[in-house]
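Visitor: To be precise about what I am sending: the file is called structure.cif and holds mmCIF, C-alpha atoms and all ligand atoms.
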```cif
data_start
loop_
_atom_site.label_atom_id
_atom_site.label_comp_id
_atom_site.auth_asym_id
_atom_site.auth_seq_id
_atom_site.Cartn_x
_atom_site.Cartn_y
_atom_site.Cartn_z
CA MET A 1 96.03 -85.97 9.10
CA THR A 2 95.14 -87.45 12.45
CA PRO A 3 95.86 -85.19 15.41
CA ASN A 4 98.18 -87.83 16.87
CA ASP A 5 100.47 -87.22 13.95
CA ALA A 6 103.74 -89.13 13.81
CA HIS A 7 105.86 -85.97 14.08
CA ASP A 8 104.04 -84.52 17.10
CA ALA A 9 103.38 -87.38 19.47
CA PHE A 10 104.99 -90.72 20.03
CA TRP A 11 102.16 -92.40 21.82
CA ASP A 12 100.73 -95.49 20.20
CA ASN A 13 97.88 -97.73 21.24
CA ALA A 14 100.02 -99.68 23.70
CA GLN A 15 101.12 -96.46 25.45
CA LEU A 16 97.54 -95.25 25.53
CA VAL A 17 96.43 -98.50 27.17
CA THR A 18 99.24 -98.16 29.73
CA LEU A 19 98.14 -94.58 30.43
CA ILE A 20 94.48 -95.53 30.94
CA ASP A 21 95.42 -98.56 33.10
CA GLY A 22 97.71 -96.36 35.20
CA LEU A 23 94.92 -93.85 35.82
CA VAL A 24 92.45 -96.61 36.74
CA GLU A 25 94.74 -98.79 38.86
CA ARG A 26 96.84 -96.28 40.80
CA GLY A 27 95.65 -92.85 39.68
CA TRP A 28 98.72 -91.77 37.70
CA TYR A 29 100.87 -92.33 34.61
CA VAL A 30 104.34 -91.16 33.58
CA GLY A 31 105.74 -91.68 30.08
CA GLU A 32 109.11 -90.67 28.68
CA GLY A 33 109.41 -89.62 25.04
CA PHE A 34 105.67 -89.00 24.89
CA LEU A 35 106.01 -85.94 22.66
CA ALA A 36 108.32 -85.37 19.73
CA PRO A 37 111.50 -83.30 20.34
CA GLY A 38 110.50 -80.87 17.56
CA LEU A 39 107.24 -79.95 19.25
CA CYS A 40 108.96 -79.61 22.63
CA GLN A 41 111.47 -77.28 20.97
CA GLY A 42 108.65 -75.17 19.49
CA LEU A 43 106.97 -74.87 22.90
CA ARG A 44 110.30 -73.97 24.49
CA ASP A 45 110.81 -71.22 21.86
CA ASP A 46 107.37 -69.89 22.82
CA MET A 47 108.40 -69.73 26.46
CA GLU A 48 111.61 -67.92 25.53
CA ARG A 49 109.57 -65.27 23.66
CA LEU A 50 107.12 -64.93 26.54
CA HIS A 51 110.02 -64.50 28.93
CA GLN A 52 111.56 -61.76 26.69
CA ARG A 53 108.20 -59.93 26.64
CA GLN A 54 107.91 -60.34 30.41
CA ALA A 55 104.63 -62.14 29.83
CA LEU A 56 105.26 -64.83 32.45
CA GLN A 57 103.60 -63.79 35.70
CA GLU A 58 104.06 -64.95 39.26
CA ALA A 59 101.53 -67.68 39.94
CA ALA A 60 98.96 -67.33 42.69
CA ILE A 61 97.23 -69.99 44.75
CA GLY A 62 93.50 -70.25 45.45
CA ARG A 63 90.70 -68.90 43.32
CA GLY A 64 88.36 -65.94 43.24
CA ASP A 65 88.57 -63.85 46.41
CA GLU A 66 91.07 -66.25 47.93
CA ARG A 67 93.80 -65.76 45.34
CA THR A 68 97.12 -64.84 46.92
CA LEU A 69 100.79 -64.86 46.05
CA ARG A 70 102.64 -67.24 48.35
CA ARG A 71 106.31 -67.67 47.47
CA ASP A 72 106.60 -70.03 50.44
CA ILE A 73 104.13 -72.40 48.73
CA ARG A 74 104.70 -71.93 45.03
CA GLY A 75 107.42 -70.09 43.11
CA ASP A 76 106.68 -70.48 39.41
CA ALA A 77 105.80 -67.85 36.81
CA ILE A 78 103.05 -68.74 34.33
CA HIS A 79 101.32 -67.83 31.09
CA TRP A 80 98.08 -69.48 29.94
CA LEU A 81 98.16 -71.12 26.51
CA ASP A 82 96.12 -69.03 24.09
CA ARG A 83 96.71 -70.72 20.71
CA GLU A 84 99.00 -67.86 19.71
CA SER A 85 101.64 -70.08 18.09
CA LEU A 86 101.60 -73.16 15.87
CA ALA A 87 103.36 -75.16 18.61
CA GLN A 88 100.60 -74.30 21.10
CA ARG A 89 97.89 -75.23 18.62
CA ARG A 90 99.62 -78.52 17.91
CA TYR A 91 99.93 -79.33 21.60
CA LEU A 92 96.29 -78.42 22.30
CA THR A 93 95.18 -80.56 19.35
CA LEU A 94 97.06 -83.53 20.80
CA MET A 95 95.50 -82.97 24.21
CA SER A 96 92.03 -82.85 22.72
CA GLU A 97 92.82 -86.14 20.98
CA LEU A 98 93.91 -87.58 24.32
CA GLN A 99 90.75 -86.19 25.97
CA GLN A 100 88.61 -88.03 23.43
CA GLN A 101 90.51 -91.29 23.97
CA ILE A 102 90.14 -91.06 27.75
CA ASN A 103 86.43 -90.32 27.39
CA VAL A 104 85.94 -93.33 25.12
CA ALA A 105 87.82 -95.64 27.50
CA LEU A 106 86.51 -94.37 30.84
CA TYR A 107 83.28 -92.47 30.12
CA ALA A 108 85.07 -89.67 31.95
CA GLY A 109 82.94 -86.84 30.56
CA LEU A 110 85.94 -84.56 30.13
CA PHE A 111 84.92 -81.59 28.08
CA GLU A 112 87.72 -79.08 28.03
CA PHE A 113 91.43 -78.59 28.61
CA GLU A 114 93.18 -75.59 30.08
CA ALA A 115 96.95 -75.27 30.43
CA HIS A 116 99.71 -72.85 31.32
CA PHE A 117 103.42 -72.61 30.67
CA ALA A 118 105.40 -72.57 33.90
CA LEU A 119 108.93 -71.38 34.60
CA TYR A 120 110.44 -72.29 37.96
CA PRO A 121 113.55 -70.13 38.46
CA PRO A 122 116.44 -71.62 40.48
CA GLY A 123 115.32 -72.08 44.09
CA ALA A 124 111.61 -72.30 43.22
CA PHE A 125 109.37 -75.19 44.28
CA TYR A 126 105.70 -76.04 44.73
CA ARG A 127 104.76 -77.58 48.06
CA LYS A 128 102.74 -80.78 48.28
CA HIS A 129 99.16 -80.18 47.17
CA TYR A 130 96.10 -81.52 45.36
CA ASP A 131 94.96 -79.84 42.15
CA SER A 132 91.30 -80.08 43.08
CA PHE A 133 89.11 -81.08 45.96
CA ARG A 134 86.39 -83.66 46.04
CA GLY A 135 82.96 -82.21 45.59
CA ARG A 136 84.49 -79.30 43.71
CA ALA A 137 86.23 -81.49 41.20
CA ASN A 138 85.95 -79.52 37.99
CA ARG A 139 89.61 -80.38 37.39
CA VAL A 140 89.50 -84.12 36.83
CA ILE A 141 92.84 -85.10 35.32
CA SER A 142 96.06 -83.10 35.72
CA THR A 143 98.78 -83.22 33.08
CA VAL A 144 102.39 -82.04 32.98
CA LEU A 145 104.65 -81.91 29.95
CA TYR A 146 108.32 -81.14 30.54
CA LEU A 147 110.41 -79.09 28.13
CA ASN A 148 113.99 -79.20 29.45
CA PRO A 149 116.34 -80.78 26.88
CA GLU A 150 119.25 -81.89 29.08
CA TRP A 151 118.23 -82.15 32.69
CA PRO A 152 121.27 -82.98 34.88
CA ALA A 153 120.93 -85.69 37.54
CA ASP A 154 121.65 -83.10 40.26
CA GLY A 155 119.34 -80.43 38.78
CA GLY A 156 116.61 -80.95 41.41
CA GLY A 157 113.10 -79.90 40.37
CA GLU A 158 111.67 -83.41 40.31
CA MET A 159 107.92 -83.81 40.63
CA VAL A 160 107.05 -86.25 43.41
CA LEU A 161 103.75 -88.13 43.13
CA TYR A 162 102.37 -89.64 46.34
CA ASP A 163 100.22 -92.71 46.82
CA ALA A 164 96.47 -92.04 46.65
CA GLN A 165 95.78 -94.02 49.87
CA GLU A 166 98.98 -93.75 51.87
CA THR A 167 99.50 -90.11 51.10
CA ASP A 168 102.92 -89.93 52.80
CA ARG A 169 104.29 -92.70 50.61
CA GLU A 170 106.24 -91.57 47.56
CA ALA A 171 104.89 -93.34 44.46
CA ALA A 172 107.08 -91.79 41.74
CA ARG A 173 109.78 -89.17 41.25
CA VAL A 174 109.76 -87.57 37.80
CA GLN A 175 112.75 -85.83 36.19
CA PRO A 176 111.53 -82.81 34.20
CA GLN A 177 113.17 -84.08 31.01
CA ALA A 178 111.85 -82.80 27.64
CA GLY A 179 109.20 -85.10 26.17
CA THR A 180 108.23 -86.69 29.50
CA PHE A 181 104.49 -86.49 30.11
CA ALA A 182 102.72 -87.18 33.39
CA CYS A 183 99.03 -87.31 34.18
CA PHE A 184 97.11 -88.09 37.35
CA LEU A 185 93.71 -87.78 39.01
CA SER A 186 93.49 -84.19 40.23
CA ASP A 187 91.60 -84.86 43.46
CA ARG A 188 93.34 -88.13 44.41
CA ILE A 189 97.09 -87.72 43.97
CA PRO A 190 99.05 -85.37 46.23
CA HIS A 191 102.18 -84.12 44.50
CA GLU A 192 104.94 -81.53 44.80
CA VAL A 193 107.77 -79.93 42.89
CA LEU A 194 111.11 -80.18 44.71
CA PRO A 195 113.34 -77.07 44.71
CA THR A 196 115.00 -76.71 41.35
CA ARG A 197 118.64 -75.71 40.83
CA GLN A 198 118.16 -74.77 37.18
CA PRO A 199 115.47 -72.82 35.31
CA ARG A 200 112.73 -75.44 34.86
CA LEU A 201 110.21 -75.29 32.00
CA SER A 202 106.92 -77.17 31.78
CA ILE A 203 103.28 -77.01 30.75
CA ALA A 204 100.76 -77.87 33.46
CA GLY A 205 97.26 -78.62 32.20
CA TRP A 206 93.90 -79.91 33.38
CA PHE A 207 91.11 -81.80 31.74
CA ARG A 208 87.91 -80.43 33.15
CA ARG A 209 84.36 -81.47 33.57
CA ASN A 210 81.85 -78.69 33.72
CA ALA A 211 80.90 -78.27 37.35
CA SER A 212 77.67 -76.47 37.99
CA LEU A 213 77.64 -75.37 41.64
CA GLY A 214 74.26 -74.24 42.84
CA GLY A 215 73.43 -73.08 39.35
CA VAL A 216 76.73 -71.21 38.96
CA ILE A 217 78.94 -72.51 36.20
CA ASP A 218 82.50 -72.65 37.46
CA PRO A 219 84.67 -70.72 35.01
CA ALA A 220 87.98 -72.06 33.70
CA ARG A 221 91.14 -71.19 35.75
C1 LIG B 301 100.94 -77.59 39.24
C2 LIG B 301 101.94 -78.68 39.44
C3 LIG B 301 103.85 -79.93 38.64
C4 LIG B 301 105.08 -79.78 37.78
O1 LIG B 301 101.22 -76.67 38.44
O2 LIG B 301 99.86 -77.65 39.85
O3 LIG B 301 101.75 -79.44 40.35
O4 LIG B 301 105.87 -80.73 37.75
N1 LIG B 301 102.98 -78.80 38.59
O5 LIG B 301 105.28 -78.72 37.19
MN MN B 302 99.66 -79.46 40.94
#
```
I need this file expressed as structure tokens, please.

Guide:
Amino acid sequence: MTPNDAHDAFWDNAQLVTLIDGLVERGWYVGEGFLAPGLCQGLRDDMERLHQRQALQEAAIGRGDERTLRRDIRGDAIHWLDRESLAQRRYLTLMSELQQQINVALYAGLFEFEAHFALYPPGAFYRKHYDSFRGRANRVISTVLYLNPEWPADGGGEMVLYDAQETDREAARVQPQAGTFACFLSDRIPHEVLPTRQPRLSIAGWFRRNASLGGVIDPAR
């Protein structure tokens, strides 16, 4: 069985080429129907269980000593993927397949993937930000998979991607519809999550390069 198994992912070679070209030419890619509905359902079931167990925790911003809760910047609740369920293992297998493909095409040197579930309750948003900063770019490529089966047109919660050069110019607005997958260069593409009117489920993930800073290996997360 290849990891990109027919019942997990829908991407084919053409979609992969479009993804790579998008990353190279403008720094981002968005594809609808990228993952199979069955896998999205499995991941959604996982989130439901985590929610029941109160295992989704308010997300902080910053790292290390600078970590703080800022509801005025970011309002989601998260849980890091830990391979606990079959659905998680299947998703992580697909992402490692994608990592390999991106490395082959771009010599990107990606070597690991970290990801968390995210629930944005009604009213929550995430202000415009970058996922990493140049010179500290251990997060190289950001990914988002959406898990919401029927997202209404007036549901809010779109992700807005901005142009890499003209950073005030909106480049794309993404509905958080189940199966839609977005990826973009973590230190080049400013983006935000607009206030949602419905509970909004997704998995945010990052392909990382190992950054050694003054001899200190930067840990994941
Ligand atoms: C993030 C993020 C976007 C989204 O978690 O850093 O930007 O659409 N998420 O959930
Ligand atoms: Mn982000």

Visitor: Collect all residues with atoms no farther than 10 Å from ligand LIG 301 (chain B), counting all atoms listed in the file, and output them as a PyMOL selection string.

Guide: chain A and resi 59+61+74+76+78+115-120+125-132+142-146+157-161+173-176+181-183+186+190-194+200-206

Visitor: Take the residues just selected and output them with C-alpha atoms as a PDB file, in the frame of the given file.

Guide:
```pdb
ATOM      1  CA  ALA A  59     101.530 -67.680  39.940  1.00  0.00           C
ATOM      2  CA  ILE A  61      97.230 -69.990  44.750  1.00  0.00           C
ATOM      3  CA  ARG A  74     104.700 -71.930  45.030  1.00  0.00           C
ATOM      4  CA  ASP A  76     106.680 -70.480  39.410  1.00  0.00           C
ATOM      5  CA  ILE A  78     103.050 -68.740  34.330  1.00  0.00           C
ATOM      6  CA  ALA A 115      96.950 -75.270  30.430  1.00  0.00           C
ATOM      7  CA  HIS A 116      99.710 -72.850  31.320  1.00  0.00           C
ATOM      8  CA  PHE A 117     103.420 -72.610  30.670  1.00  0.00           C
ATOM      9  CA  ALA A 118     105.400 -72.570  33.900  1.00  0.00           C
ATOM     10  CA  LEU A 119     108.930 -71.380  34.600  1.00  0.00           C
ATOM     11  CA  TYR A 120     110.440 -72.290  37.960  1.00  0.00           C
ATOM     12  CA  PHE A 125     109.370 -75.190  44.280  1.00  0.00           C
ATOM     13  CA  TYR A 126     105.700 -76.040  44.730  1.00  0.00           C
ATOM     14  CA  ARG A 127     104.760 -77.580  48.060  1.00  0.00           C
ATOM     15  CA  LYS A 128     102.740 -80.780  48.280  1.00  0.00           C
ATOM     16  CA  HIS A 129      99.160 -80.180  47.170  1.00  0.00           C
ATOM     17  CA  TYR A 130      96.100 -81.520  45.360  1.00  0.00           C
ATOM     18  CA  ASP A 131      94.960 -79.840  42.150  1.00  0.00           C
ATOM     19  CA  SER A 132      91.300 -80.080  43.080  1.00  0.00           C
ATOM     20  CA  SER A 142      96.060 -83.100  35.720  1.00  0.00           C
ATOM     21  CA  THR A 143      98.780 -83.220  33.080  1.00  0.00           C
ATOM     22  CA  VAL A 144     102.390 -82.040  32.980  1.00  0.00           C
ATOM     23  CA  LEU A 145     104.650 -81.910  29.950  1.00  0.00           C
ATOM     24  CA  TYR A 146     108.320 -81.140  30.540  1.00  0.00           C
ATOM     25  CA  GLY A 157     113.100 -79.900  40.370  1.00  0.00           C
ATOM     26  CA  GLU A 158     111.670 -83.410  40.310  1.00  0.00           C
ATOM     27  CA  MET A 159     107.920 -83.810  40.630  1.00  0.00           C
ATOM     28  CA  VAL A 160     107.050 -86.250  43.410  1.00  0.00           C
ATOM     29  CA  LEU A 161     103.750 -88.130  43.130  1.00  0.00           C
ATOM     30  CA  ARG A 173     109.780 -89.170  41.250  1.00  0.00           C
ATOM     31  CA  VAL A 174     109.760 -87.570  37.800  1.00  0.00           C
ATOM     32  CA  GLN A 175     112.750 -85.830  36.190  1.00  0.00           C
ATOM     33  CA  PRO A 176     111.530 -82.810  34.200  1.00  0.00           C
ATOM     34  CA  PHE A 181     104.490 -86.490  30.110  1.00  0.00           C
ATOM     35  CA  ALA A 182     102.720 -87.180  33.390  1.00  0.00           C
ATOM     36  CA  CYS A 183      99.030 -87.310  34.180  1.00  0.00           C
ATOM     37  CA  SER A 186      93.490 -84.190  40.230  1.00  0.00           C
ATOM     38  CA  PRO A 190      99.050 -85.370  46.230  1.00  0.00           C
ATOM     39  CA  HIS A 191     102.180 -84.120  44.500  1.00  0.00           C
ATOM     40  CA  GLU A 192     104.940 -81.530  44.800  1.00  0.00           C
ATOM     41  CA  VAL A 193     107.770 -79.930  42.890  1.00  0.00           C
ATOM     42  CA  LEU A 194     111.110 -80.180  44.710  1.00  0.00           C
ATOM     43  CA  ARG A 200     112.730 -75.440  34.860  1.00  0.00           C
ATOM     44  CA  LEU A 201     110.210 -75.290  32.000  1.00  0.00           C
ATOM     45  CA  SER A 202     106.920 -77.170  31.780  1.00  0.00           C
ATOM     46  CA  ILE A 203     103.280 -77.010  30.750  1.00  0.00           C
ATOM     47  CA  ALA A 204     100.760 -77.870  33.460  1.00  0.00           C
ATOM     48  CA  GLY A 205      97.260 -78.620  32.200  1.00  0.00           C
ATOM     49  CA  TRP A 206      93.900 -79.910  33.380  1.00  0.00           C
TER      50      TRP A 206
END
```

Visitor: Looking at all atoms listed in the file, which of A:Gln52, A:Ile141, A:Asp45, A:Gly155 is the one that sits closest to ligand MN 302 (chain B)?

Guide: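 For ligand MN 302 (chain B), the nearest of the candidates is A:Ile141.
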
Visitor: Distance atom CA of A:Ala171-atom CA of A:Ala60, one decimal place?

Guide: 26.7 Å

Visitor: Quick one: everything within 8 Å of A:Ile189, counting only C-alpha atoms, minus sequence neighbours fewer than 4 positions away in the same chain. Send it as a count of residues only.

Guide: 10

Visitor: I want to know what sits within 6 Å of A:Leu56, based on only C-alpha atoms, with residues of the same chain fewer than 3 positions away left out; could you give that as a PyMOL selection string?

Guide: chain A and resi 51+77-79

Visitor: Save out the residues we just selected, C-alpha atoms, as a PDB file, in the frame of the given file.

Guide:
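Contents of again_24.pdb, freshly written:
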```pdb
ATOM      1  CA  HIS A  51     110.020 -64.500  28.930  1.00  0.00           C
ATOM      2  CA  ALA A  77     105.800 -67.850  36.810  1.00  0.00           C
ATOM      3  CA  ILE A  78     103.050 -68.740  34.330  1.00  0.00           C
ATOM      4  CA  HIS A  79     101.320 -67.830  31.090  1.00  0.00           C
TER       5      HIS A  79
END
```

Visitor: Taking only C-alpha atoms and all ligand atoms into account, which of A:Arg209, A:Arg67, A:Arg188, A:Arg90 comes nearest ligand MN 302 (chain B)?

Guide: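 Of the candidates, the smallest distance to ligand MN 302 (chain B) is held by A:Arg188.
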
Visitor: Excluding same-chain residues fewer than 2 positions from stretch 98-102 of chain A, what lies within 9 Å of it counting all atoms listed in the file, as an NGL selection string?

Guide: :A and (4 or 16 or 20 or 93-96 or 104-113 or 207)

Visitor: Given all atoms listed in the file as the basis, pick out the residue of A:Arg26, A:Arg208, A:Arg63, A:Arg139 nearest to ligand MN 302 (chain B).

Guide: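 Checking each candidate against ligand MN 302 (chain B), we get A:Arg139 as the closest.
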